[in-house]
Amino acid sequence: MTAEEAVAVSAIADIRYIDEFESELKKHTDSVSIVYIDMDDKFDRPYSTKGLRFGARLKNRYPDIELKDAQDIFATLRQIKEAEEIELMKKAIDITKSGIYSMMKNARPGMMEYEIEAYFDYELKRNGVKEPAFTTIAAGGENATVLHYEDNNSIVKDGDMILFDLGAAWGNYSADITRTFPVNGKFTDTQRDLYNMVLEGQKLVIDMIRPGIPFAELNKTLREYYVEEMGKRGFVKNDEELNEYYFHSVSHHLGLETHDVGSRNGLLEEGMVITVEPGIYIKELGIGIRIEDDVLVIADGSEVLSKDIIKEARDIERFMCGE
């Protein structure tokens, strides 16, 4: 690409080639005291990243310069989505929906987890998505009680439920959806009761979402709900005992990464996209249930971007029975 072509596609008037960077930087070192760089340290990596190596080289050459991490600035900007970003995420969600429905239509007892997963993979490729947004979790029966189960190589038996945590990516933006359904198309009474408990917990959290609500309040409210409901069912007596059955948070930011950058300690703001994913995991029953949707914070509340992907127990049964 020529400089002129770069100007045309970016509307940036001053375009330079990368081999000019060092000499251009040198022109400014006498007049600046602070340099912001992307140190790329979101995950506290135990090795040197490209950003950290550049920072060390810069500091060695210009010892009077103070280096500051631009990661938090980028993260804050990425939390609030533009309309164009929302449209890309909606497209990713719509493709994810096609994959989920294909799995539900074709799931049968006796299949391998990865066989059912293959219907999702096919729908992604059929829609022009070469790779999923993240490694798919396909967890049948007791495997669904393992939080990040990714083996996907067990047989799903008659009477089992299967949990799928998956998503397509479109234009680099991720969908992140979880659905849990009975592989034979029919919930048992116990499965239905626990499933509806988790679903009502999800609805409770979604109803809370609006600008100004503390992010951490979402998980706190869900835990209070679970202690009461799991207590009624004889599983727990207090919040501490709940940790045996619920061991993750209910929400995270979503965007260019599935677990996107951004603080979970601040307030919700208009334009944020977050997941709402309550789960309950009861190993002694061989039941793991998680229901996850992608939610946009709007001026007066929230919009569930994945609302068209069915999740009511009765709708799942009707769909899987071909009604």
# chains A, B, ... in the order shown; residues from 1 in each chain; ligands from 1
$ select_by_dssp --residues "range 54-173 of chain A" --states "strand (DSSP E or B)" --output "PDB file with C-alpha atoms, in the first residue's frame"
ATOM      1  CA  GLU A  66       8.642   8.240  31.924  1.00  0.00           C
ATOM      2  CA  LEU A  67       6.806   5.272  30.433  1.00  0.00           C
ATOM      3  CA  LYS A  68       3.095   4.783  31.105  1.00  0.00           C
ATOM      4  CA  ASP A  69       0.837   1.919  30.081  1.00  0.00           C
ATOM      5  CA  MET A 112     -20.259 -38.208  20.749  1.00  0.00           C
ATOM      6  CA  PRO A 132     -15.097 -19.887  16.150  1.00  0.00           C
ATOM      7  CA  ILE A 137     -17.312 -26.333  25.159  1.00  0.00           C
ATOM      8  CA  ALA A 138     -19.514 -29.359  24.411  1.00  0.00           C
ATOM      9  CA  ALA A 139     -20.206 -31.016  27.750  1.00  0.00           C
ATOM     10  CA  GLY A 140     -22.716 -33.801  28.213  1.00  0.00           C
ATOM     11  CA  ILE A 155     -20.796 -40.262  24.521  1.00  0.00           C
ATOM     12  CA  MET A 161     -28.373 -32.850  29.099  1.00  0.00           C
ATOM     13  CA  ILE A 162     -25.603 -31.257  27.062  1.00  0.00           C
ATOM     14  CA  LEU A 163     -24.117 -27.807  27.670  1.00  0.00           C
ATOM     15  CA  PHE A 164     -22.697 -25.828  24.759  1.00  0.00           C
ATOM     16  CA  ASP A 165     -20.664 -22.658  25.368  1.00  0.00           C
ATOM     17  CA  LEU A 166     -19.724 -21.297  21.953  1.00  0.00           C
ATOM     18  CA  ALA A 168     -18.978 -17.195  16.067  1.00  0.00           C
ATOM     19  CA  ALA A 169     -16.824 -14.151  15.351  1.00  0.00           C
ATOM     20  CA  TRP A 170     -17.660 -11.677  12.612  1.00  0.00           C
ATOM     21  CA  TYR A 173     -16.216  -9.224  17.101  1.00  0.00           C
TER      22      TYR A 173
END
$ residues_around --residues "Gly255 in chain A" --least-positions-apart "2" --cutoff "6 Å" --atoms "only C-alpha atoms" --output "list in words"
Tyr173, Ser174, Glu257 and Asp260 of chain A
$ closest_atom_pairs --of "range 54-127 of chain A" --to "range 25-35 of chain A" --cutoff "12 Å" --atoms "only C-alpha atoms" --output "Markdown table"
| residue | atom | partner | partner_atom | distance |
| --- | --- | --- | --- | --- |
| A:Phe54 | CA | A:Val35 | CA | 11.5 |
| A:Gly55 | CA | A:Val35 | CA | 9.2 |
| A:Leu58 | CA | A:Val35 | CA | 9.4 |
| A:Lys59 | CA | A:Val35 | CA | 9.8 |
| A:Arg61 | CA | A:Lys26 | CA | 10.0 |
| A:Tyr62 | CA | A:Thr29 | CA | 7.5 |
| A:Pro63 | CA | A:Ser33 | CA | 10.1 |
| A:Asp64 | CA | A:Ser33 | CA | 7.0 |
| A:Ile65 | CA | A:Ser33 | CA | 4.9 |
| A:Glu66 | CA | A:Ile34 | CA | 4.7 |
| A:Leu67 | CA | A:Val35 | CA | 5.1 |
| A:Lys68 | CA | A:Val35 | CA | 6.2 |
| A:Asp69 | CA | A:Val35 | CA | 8.6 |
| A:Ala70 | CA | A:Val35 | CA | 9.2 |
$ write_last_selection --atoms "all heavy atoms" --output "tab-separated table (two decimals), in the first residue's frame"
chain	number	residue	atom	x	y	z
A	54	PHE	N	9.88	-3.05	23.53
A	54	PHE	CA	10.03	-1.70	22.97
A	54	PHE	C	10.21	-0.67	24.09
A	54	PHE	O	11.05	0.22	24.01
A	54	PHE	CB	8.80	-1.33	22.13
A	54	PHE	CG	8.78	0.11	21.71
A	54	PHE	CD1	9.63	0.56	20.71
A	54	PHE	CD2	7.92	1.02	22.32
A	54	PHE	CE1	9.62	1.90	20.32
A	54	PHE	CE2	7.91	2.34	21.95
A	54	PHE	CZ	8.76	2.78	20.94
A	55	GLY	N	9.43	-0.83	25.17
A	55	GLY	CA	9.54	0.09	26.30
A	55	GLY	C	10.93	0.06	26.93
A	55	GLY	O	11.50	1.10	27.27
A	58	LEU	N	13.38	1.80	24.63
A	58	LEU	CA	13.17	3.25	24.67
A	58	LEU	C	13.74	3.85	25.95
A	58	LEU	O	14.40	4.90	25.94
A	58	LEU	CB	11.67	3.53	24.57
A	58	LEU	CG	11.24	4.97	24.29
A	58	LEU	CD1	11.68	5.40	22.89
A	58	LEU	CD2	9.73	5.09	24.42
A	59	LYS	N	13.48	3.18	27.08
A	59	LYS	CA	13.96	3.67	28.37
A	59	LYS	C	15.48	3.65	28.43
A	59	LYS	O	16.11	4.55	29.01
A	59	LYS	CB	13.37	2.81	29.50
A	59	LYS	CG	13.65	3.33	30.89
A	59	LYS	CD	12.86	4.59	31.18
A	59	LYS	CE	13.02	5.02	32.63
A	59	LYS	NZ	12.38	6.32	32.90
A	61	ARG	N	17.50	4.01	25.92
A	61	ARG	CA	18.04	5.04	25.04
A	61	ARG	C	17.75	6.45	25.56
A	61	ARG	O	18.56	7.36	25.41
A	61	ARG	CB	17.44	4.87	23.64
A	61	ARG	CG	18.07	5.75	22.58
A	61	ARG	CD	17.50	5.44	21.22
A	61	ARG	NE	17.67	4.03	20.84
A	61	ARG	CZ	17.15	3.50	19.73
A	61	ARG	NH1	16.44	4.25	18.90
A	61	ARG	NH2	17.35	2.23	19.45
A	62	TYR	N	16.57	6.63	26.19
A	62	TYR	CA	16.16	7.94	26.70
A	62	TYR	C	15.76	7.80	28.17
A	62	TYR	O	14.56	7.74	28.49
A	62	TYR	CB	14.99	8.50	25.88
A	62	TYR	CG	15.24	8.47	24.39
A	62	TYR	CD1	14.54	7.57	23.57
A	62	TYR	CD2	16.16	9.32	23.80
A	62	TYR	CE1	14.75	7.53	22.20
A	62	TYR	CE2	16.38	9.29	22.42
A	62	TYR	CZ	15.67	8.39	21.63
A	62	TYR	OH	15.90	8.36	20.28
A	63	PRO	N	16.71	7.73	29.08
A	63	PRO	CA	16.42	7.41	30.49
A	63	PRO	C	15.54	8.43	31.20
A	63	PRO	O	14.95	8.11	32.23
A	63	PRO	CB	17.81	7.34	31.12
A	63	PRO	CG	18.72	8.05	30.19
A	63	PRO	CD	18.16	7.87	28.82
A	64	ASP	N	15.44	9.66	30.70
A	64	ASP	CA	14.63	10.68	31.38
A	64	ASP	C	13.15	10.59	31.04
A	64	ASP	O	12.33	11.24	31.67
A	64	ASP	CB	15.14	12.08	31.00
A	64	ASP	CG	16.52	12.36	31.56
A	64	ASP	OD1	16.86	11.73	32.59
A	64	ASP	OD2	17.25	13.18	30.98
A	65	ILE	N	12.81	9.78	30.07
A	65	ILE	CA	11.40	9.63	29.69
A	65	ILE	C	10.70	8.71	30.69
A	65	ILE	O	11.22	7.69	31.10
A	65	ILE	CB	11.29	9.05	28.26
A	65	ILE	CG1	11.63	10.12	27.24
A	65	ILE	CG2	9.88	8.50	28.01
A	65	ILE	CD1	11.58	9.62	25.81
A	66	GLU	N	9.48	9.09	31.07
A	66	GLU	CA	8.64	8.24	31.92
A	66	GLU	C	7.69	7.45	31.04
A	66	GLU	O	6.96	8.02	30.21
A	66	GLU	CB	7.84	9.09	32.91
A	66	GLU	CG	6.93	8.26	33.82
A	66	GLU	CD	6.06	9.11	34.73
A	66	GLU	OE1	6.18	10.35	34.69
A	66	GLU	OE2	5.24	8.52	35.47
A	67	LEU	N	7.69	6.13	31.21
A	67	LEU	CA	6.81	5.27	30.43
A	67	LEU	C	5.52	5.01	31.20
A	67	LEU	O	5.54	4.73	32.39
A	67	LEU	CB	7.48	3.94	30.12
A	67	LEU	CG	8.74	3.98	29.24
A	67	LEU	CD1	9.27	2.57	29.05
A	67	LEU	CD2	8.45	4.64	27.91
A	68	LYS	N	4.39	5.11	30.50
A	68	LYS	CA	3.10	4.78	31.11
A	68	LYS	C	2.36	3.81	30.18
A	68	LYS	O	2.51	3.84	28.97
A	68	LYS	CB	2.27	6.05	31.32
A	68	LYS	CG	2.81	6.94	32.43
A	68	LYS	CD	1.80	8.02	32.81
A	68	LYS	CE	2.31	8.84	34.00
A	68	LYS	NZ	1.32	9.87	34.41
A	69	ASP	N	1.56	2.95	30.81
A	69	ASP	CA	0.84	1.92	30.08
A	69	ASP	C	-0.45	2.50	29.51
A	69	ASP	O	-1.28	3.06	30.24
A	69	ASP	CB	0.53	0.75	31.02
A	69	ASP	CG	-0.03	-0.45	30.29
A	69	ASP	OD1	-0.10	-0.41	29.04
A	69	ASP	OD2	-0.39	-1.43	30.95
A	70	ALA	N	-0.64	2.34	28.21
A	70	ALA	CA	-1.86	2.83	27.56
A	70	ALA	C	-2.98	1.80	27.58
A	70	ALA	O	-4.08	2.08	27.10
A	70	ALA	CB	-1.54	3.20	26.11
$ atom_distance --atom1 "CA of Glu4 in chain A" --atom2 "CA of Glu22 in chain A"
21.6 Å
$ closest_residue --among "A:Gln79, A:Asn184, A:Ser306, A:Ser154" --to "Ile93 in chain A" --atoms "only C-alpha atoms"
A:Ser306
$ residues_around --residues "Asp176 in chain A" --least-positions-apart "6" --cutoff "7 Å" --atoms "only C-alpha atoms" --output "PyMOL selection string"
chain A and resi 166-167+258+294
$ write_last_selection --atoms "C-alpha atoms" --output "PDB file, in the first residue's frame"
ATOM      1  CA  LEU A 166     -19.724 -21.297  21.953  1.00  0.00           C
ATOM      2  CA  GLY A 167     -19.740 -18.390  19.560  1.00  0.00           C
ATOM      3  CA  THR A 258     -14.622 -12.988  24.121  1.00  0.00           C
ATOM      4  CA  ASP A 294     -25.166 -11.148  25.171  1.00  0.00           C
TER       5      ASP A 294
END
$ atom_distance --atom1 "CA of Thr180 in chain A" --atom2 "CA of Thr221 in chain A"
22.4 Å
$ residues_around --residues "Lys97 in chain A" --least-positions-apart "2" --cutoff "9 Å" --atoms "only C-alpha atoms" --output "ChimeraX atom specification"
/A:92-95,99-102,167,177,306,308-309
$ closest_residue --among "A:Leu256, A:Ile298, A:Val250, A:Ile280" --to "Phe74 in chain A" --atoms "only C-alpha atoms"
A:Leu256
$ closest_residue --among "A:Leu194, A:Ile86, A:Gln202, A:Glu115" --to "Lys232 in chain A" --atoms "only C-alpha atoms"
A:Leu194
$ atom_distance --atom1 "CA of Pro109 in chain A" --atom2 "CA of Val183 in chain A"
6.0 Å
$ closest_residue --among "A:Ser263, A:Gly201, A:Asn196, A:Ile287" --to "Ala216 in chain A" --atoms "only C-alpha atoms"
A:Ser263
$ residues_around --residues "Phe120 in chain A" --least-positions-apart "3" --cutoff "8 Å" --atoms "only C-alpha atoms" --output "list in words"
Thr96, Ser98, Gly99, Ile100, Ser102, Met103, Ile116, Glu117, Glu123 and Leu124 of chain A
$ write_last_selection --atoms "all heavy atoms" --output "PDB file, in the first residue's frame"
ATOM      1  N   THR A  96     -24.230 -17.719  15.158  1.00  0.00           N
ATOM      2  CA  THR A  96     -24.189 -18.631  16.306  1.00  0.00           C
ATOM      3  C   THR A  96     -25.537 -19.301  16.508  1.00  0.00           C
ATOM      4  O   THR A  96     -25.621 -20.507  16.783  1.00  0.00           O
ATOM      5  CB  THR A  96     -23.774 -17.873  17.577  1.00  0.00           C
ATOM      6  OG1 THR A  96     -22.503 -17.239  17.358  1.00  0.00           O
ATOM      7  CG2 THR A  96     -23.674 -18.800  18.774  1.00  0.00           C
ATOM      8  N   SER A  98     -27.744 -20.024  14.230  1.00  0.00           N
ATOM      9  CA  SER A  98     -27.908 -21.071  13.216  1.00  0.00           C
ATOM     10  C   SER A  98     -27.202 -22.349  13.638  1.00  0.00           C
ATOM     11  O   SER A  98     -27.727 -23.455  13.463  1.00  0.00           O
ATOM     12  CB  SER A  98     -27.349 -20.591  11.873  1.00  0.00           C
ATOM     13  OG  SER A  98     -28.073 -19.485  11.395  1.00  0.00           O
ATOM     14  N   GLY A  99     -25.993 -22.190  14.204  1.00  0.00           N
ATOM     15  CA  GLY A  99     -25.250 -23.352  14.649  1.00  0.00           C
ATOM     16  C   GLY A  99     -25.913 -24.070  15.802  1.00  0.00           C
ATOM     17  O   GLY A  99     -25.956 -25.314  15.845  1.00  0.00           O
ATOM     18  N   ILE A 100     -26.437 -23.315  16.760  1.00  0.00           N
ATOM     19  CA  ILE A 100     -27.118 -23.915  17.914  1.00  0.00           C
ATOM     20  C   ILE A 100     -28.360 -24.675  17.463  1.00  0.00           C
ATOM     21  O   ILE A 100     -28.612 -25.817  17.893  1.00  0.00           O
ATOM     22  CB  ILE A 100     -27.484 -22.825  18.939  1.00  0.00           C
ATOM     23  CG1 ILE A 100     -26.215 -22.274  19.600  1.00  0.00           C
ATOM     24  CG2 ILE A 100     -28.447 -23.370  19.998  1.00  0.00           C
ATOM     25  CD1 ILE A 100     -26.457 -21.064  20.482  1.00  0.00           C
ATOM     26  N   SER A 102     -28.960 -25.993  14.571  1.00  0.00           N
ATOM     27  CA  SER A 102     -28.572 -27.199  13.838  1.00  0.00           C
ATOM     28  C   SER A 102     -28.193 -28.316  14.802  1.00  0.00           C
ATOM     29  O   SER A 102     -28.567 -29.488  14.596  1.00  0.00           O
ATOM     30  CB  SER A 102     -27.396 -26.882  12.911  1.00  0.00           C
ATOM     31  OG  SER A 102     -27.027 -28.019  12.167  1.00  0.00           O
ATOM     32  N   MET A 103     -27.491 -27.996  15.883  1.00  0.00           N
ATOM     33  CA  MET A 103     -27.139 -29.007  16.880  1.00  0.00           C
ATOM     34  C   MET A 103     -28.387 -29.560  17.560  1.00  0.00           C
ATOM     35  O   MET A 103     -28.505 -30.781  17.765  1.00  0.00           O
ATOM     36  CB  MET A 103     -26.198 -28.407  17.925  1.00  0.00           C
ATOM     37  CG  MET A 103     -24.825 -28.067  17.400  1.00  0.00           C
ATOM     38  SD  MET A 103     -23.668 -27.594  18.707  1.00  0.00           S
ATOM     39  CE  MET A 103     -24.534 -26.235  19.467  1.00  0.00           C
ATOM     40  N   ILE A 116     -22.017 -33.816  17.778  1.00  0.00           N
ATOM     41  CA  ILE A 116     -23.034 -32.760  17.841  1.00  0.00           C
ATOM     42  C   ILE A 116     -22.385 -31.408  17.575  1.00  0.00           C
ATOM     43  O   ILE A 116     -22.936 -30.567  16.850  1.00  0.00           O
ATOM     44  CB  ILE A 116     -23.746 -32.783  19.205  1.00  0.00           C
ATOM     45  CG1 ILE A 116     -24.310 -34.178  19.503  1.00  0.00           C
ATOM     46  CG2 ILE A 116     -24.877 -31.747  19.233  1.00  0.00           C
ATOM     47  CD1 ILE A 116     -24.942 -34.323  20.881  1.00  0.00           C
ATOM     48  N   GLU A 117     -21.205 -31.195  18.147  1.00  0.00           N
ATOM     49  CA  GLU A 117     -20.463 -29.950  17.926  1.00  0.00           C
ATOM     50  C   GLU A 117     -20.212 -29.706  16.440  1.00  0.00           C
ATOM     51  O   GLU A 117     -20.194 -28.549  15.983  1.00  0.00           O
ATOM     52  CB  GLU A 117     -19.127 -30.012  18.679  1.00  0.00           C
ATOM     53  CG  GLU A 117     -18.230 -28.808  18.484  1.00  0.00           C
ATOM     54  CD  GLU A 117     -16.834 -29.051  19.034  1.00  0.00           C
ATOM     55  OE1 GLU A 117     -16.530 -30.172  19.494  1.00  0.00           O
ATOM     56  OE2 GLU A 117     -16.018 -28.101  18.994  1.00  0.00           O
ATOM     57  N   GLU A 123     -22.180 -24.972  10.316  1.00  0.00           N
ATOM     58  CA  GLU A 123     -22.958 -23.750  10.101  1.00  0.00           C
ATOM     59  C   GLU A 123     -22.060 -22.517  10.066  1.00  0.00           C
ATOM     60  O   GLU A 123     -22.311 -21.585   9.304  1.00  0.00           O
ATOM     61  CB  GLU A 123     -24.028 -23.598  11.188  1.00  0.00           C
ATOM     62  CG  GLU A 123     -25.229 -24.480  11.001  1.00  0.00           C
ATOM     63  CD  GLU A 123     -25.963 -24.187   9.695  1.00  0.00           C
ATOM     64  OE1 GLU A 123     -26.247 -23.013   9.410  1.00  0.00           O
ATOM     65  OE2 GLU A 123     -26.244 -25.144   8.953  1.00  0.00           O
ATOM     66  N   LEU A 124     -21.018 -22.521  10.893  1.00  0.00           N
ATOM     67  CA  LEU A 124     -20.084 -21.396  10.845  1.00  0.00           C
ATOM     68  C   LEU A 124     -19.435 -21.298   9.467  1.00  0.00           C
ATOM     69  O   LEU A 124     -19.425 -20.229   8.843  1.00  0.00           O
ATOM     70  CB  LEU A 124     -19.008 -21.551  11.927  1.00  0.00           C
ATOM     71  CG  LEU A 124     -19.232 -20.765  13.229  1.00  0.00           C
ATOM     72  CD1 LEU A 124     -20.533 -21.138  13.894  1.00  0.00           C
ATOM     73  CD2 LEU A 124     -18.061 -20.971  14.176  1.00  0.00           C
TER      74      LEU A 124
END
$ residues_around --residues "His259 in chain A" --least-positions-apart "6" --cutoff "10 Å" --atoms "only C-alpha atoms" --output "PyMOL selection string"
chain A and resi 134+174+176+251-253+274-275
$ residues_around --residues "range 187-193 of chain A" --least-positions-apart "4" --cutoff "9 Å" --atoms "only C-alpha atoms" --output "list in words"
Gly159, Asp160, Met161, Phe181, Pro182, Val183, Met197, Val198, Ile287, Ile289, Ala313 and Glu317 of chain A
$ write_last_selection --atoms "N, CA, C and O atoms" --output "PDB file, in the first residue's frame"
ATOM      1  N   GLY A 159     -31.190 -39.368  28.420  1.00  0.00           N
ATOM      2  CA  GLY A 159     -31.474 -38.792  29.727  1.00  0.00           C
ATOM      3  C   GLY A 159     -30.481 -37.718  30.136  1.00  0.00           C
ATOM      4  O   GLY A 159     -30.714 -37.007  31.113  1.00  0.00           O
ATOM      5  N   ASP A 160     -29.353 -37.604  29.416  1.00  0.00           N
ATOM      6  CA  ASP A 160     -28.372 -36.559  29.711  1.00  0.00           C
ATOM      7  C   ASP A 160     -28.802 -35.225  29.114  1.00  0.00           C
ATOM      8  O   ASP A 160     -29.476 -35.179  28.079  1.00  0.00           O
ATOM      9  N   MET A 161     -28.359 -34.159  29.739  1.00  0.00           N
ATOM     10  CA  MET A 161     -28.373 -32.850  29.099  1.00  0.00           C
ATOM     11  C   MET A 161     -26.980 -32.573  28.556  1.00  0.00           C
ATOM     12  O   MET A 161     -26.000 -33.168  29.003  1.00  0.00           O
ATOM     13  N   PHE A 181     -29.440 -28.215  26.846  1.00  0.00           N
ATOM     14  CA  PHE A 181     -30.696 -28.849  26.455  1.00  0.00           C
ATOM     15  C   PHE A 181     -30.593 -30.368  26.613  1.00  0.00           C
ATOM     16  O   PHE A 181     -29.499 -30.933  26.575  1.00  0.00           O
ATOM     17  N   PRO A 182     -31.728 -31.047  26.784  1.00  0.00           N
ATOM     18  CA  PRO A 182     -31.709 -32.514  26.902  1.00  0.00           C
ATOM     19  C   PRO A 182     -31.445 -33.128  25.538  1.00  0.00           C
ATOM     20  O   PRO A 182     -32.095 -32.786  24.555  1.00  0.00           O
ATOM     21  N   VAL A 183     -30.514 -34.059  25.493  1.00  0.00           N
ATOM     22  CA  VAL A 183     -30.108 -34.604  24.195  1.00  0.00           C
ATOM     23  C   VAL A 183     -31.228 -35.406  23.545  1.00  0.00           C
ATOM     24  O   VAL A 183     -31.289 -35.525  22.314  1.00  0.00           O
ATOM     25  N   MET A 197     -34.854 -22.695  37.393  1.00  0.00           N
ATOM     26  CA  MET A 197     -34.245 -21.899  38.458  1.00  0.00           C
ATOM     27  C   MET A 197     -33.121 -21.031  37.890  1.00  0.00           C
ATOM     28  O   MET A 197     -33.032 -19.832  38.185  1.00  0.00           O
ATOM     29  N   VAL A 198     -32.260 -21.633  37.069  1.00  0.00           N
ATOM     30  CA  VAL A 198     -31.151 -20.881  36.476  1.00  0.00           C
ATOM     31  C   VAL A 198     -31.694 -19.812  35.530  1.00  0.00           C
ATOM     32  O   VAL A 198     -31.216 -18.664  35.524  1.00  0.00           O
ATOM     33  N   ILE A 287     -25.546 -33.115  36.658  1.00  0.00           N
ATOM     34  CA  ILE A 287     -26.251 -32.023  35.973  1.00  0.00           C
ATOM     35  C   ILE A 287     -25.427 -30.739  36.056  1.00  0.00           C
ATOM     36  O   ILE A 287     -25.073 -30.293  37.151  1.00  0.00           O
ATOM     37  N   ILE A 289     -25.771 -26.839  34.311  1.00  0.00           N
ATOM     38  CA  ILE A 289     -26.646 -25.977  33.504  1.00  0.00           C
ATOM     39  C   ILE A 289     -26.052 -24.574  33.472  1.00  0.00           C
ATOM     40  O   ILE A 289     -25.716 -24.005  34.514  1.00  0.00           O
ATOM     41  N   ALA A 313     -37.749 -23.705  28.533  1.00  0.00           N
ATOM     42  CA  ALA A 313     -37.737 -25.173  28.473  1.00  0.00           C
ATOM     43  C   ALA A 313     -38.792 -25.706  27.501  1.00  0.00           C
ATOM     44  O   ALA A 313     -38.518 -26.615  26.709  1.00  0.00           O
ATOM     45  N   GLU A 317     -38.126 -27.986  24.016  1.00  0.00           N
ATOM     46  CA  GLU A 317     -38.734 -29.293  23.776  1.00  0.00           C
ATOM     47  C   GLU A 317     -39.535 -29.300  22.480  1.00  0.00           C
ATOM     48  O   GLU A 317     -39.449 -30.254  21.696  1.00  0.00           O
TER      49      GLU A 317
END
$ select_by_dssp --residues "range 22-240 of chain A" --states "alpha helix (DSSP H)" --output "PyMOL selection string"
chain A and resi 22-28+50-61+71-79+83-106+113-126+189-208+215-232+239-240
$ closest_residue --among "A:Val146, A:Met104, A:Met1, A:Met320" --to "Arg179 in chain A" --atoms "only C-alpha atoms"
A:Met104
$ closest_residue --among "A:Asp239, A:Glu270, A:Asp207, A:Glu228" --to "Val304 in chain A" --atoms "only C-alpha atoms"
A:Asp207
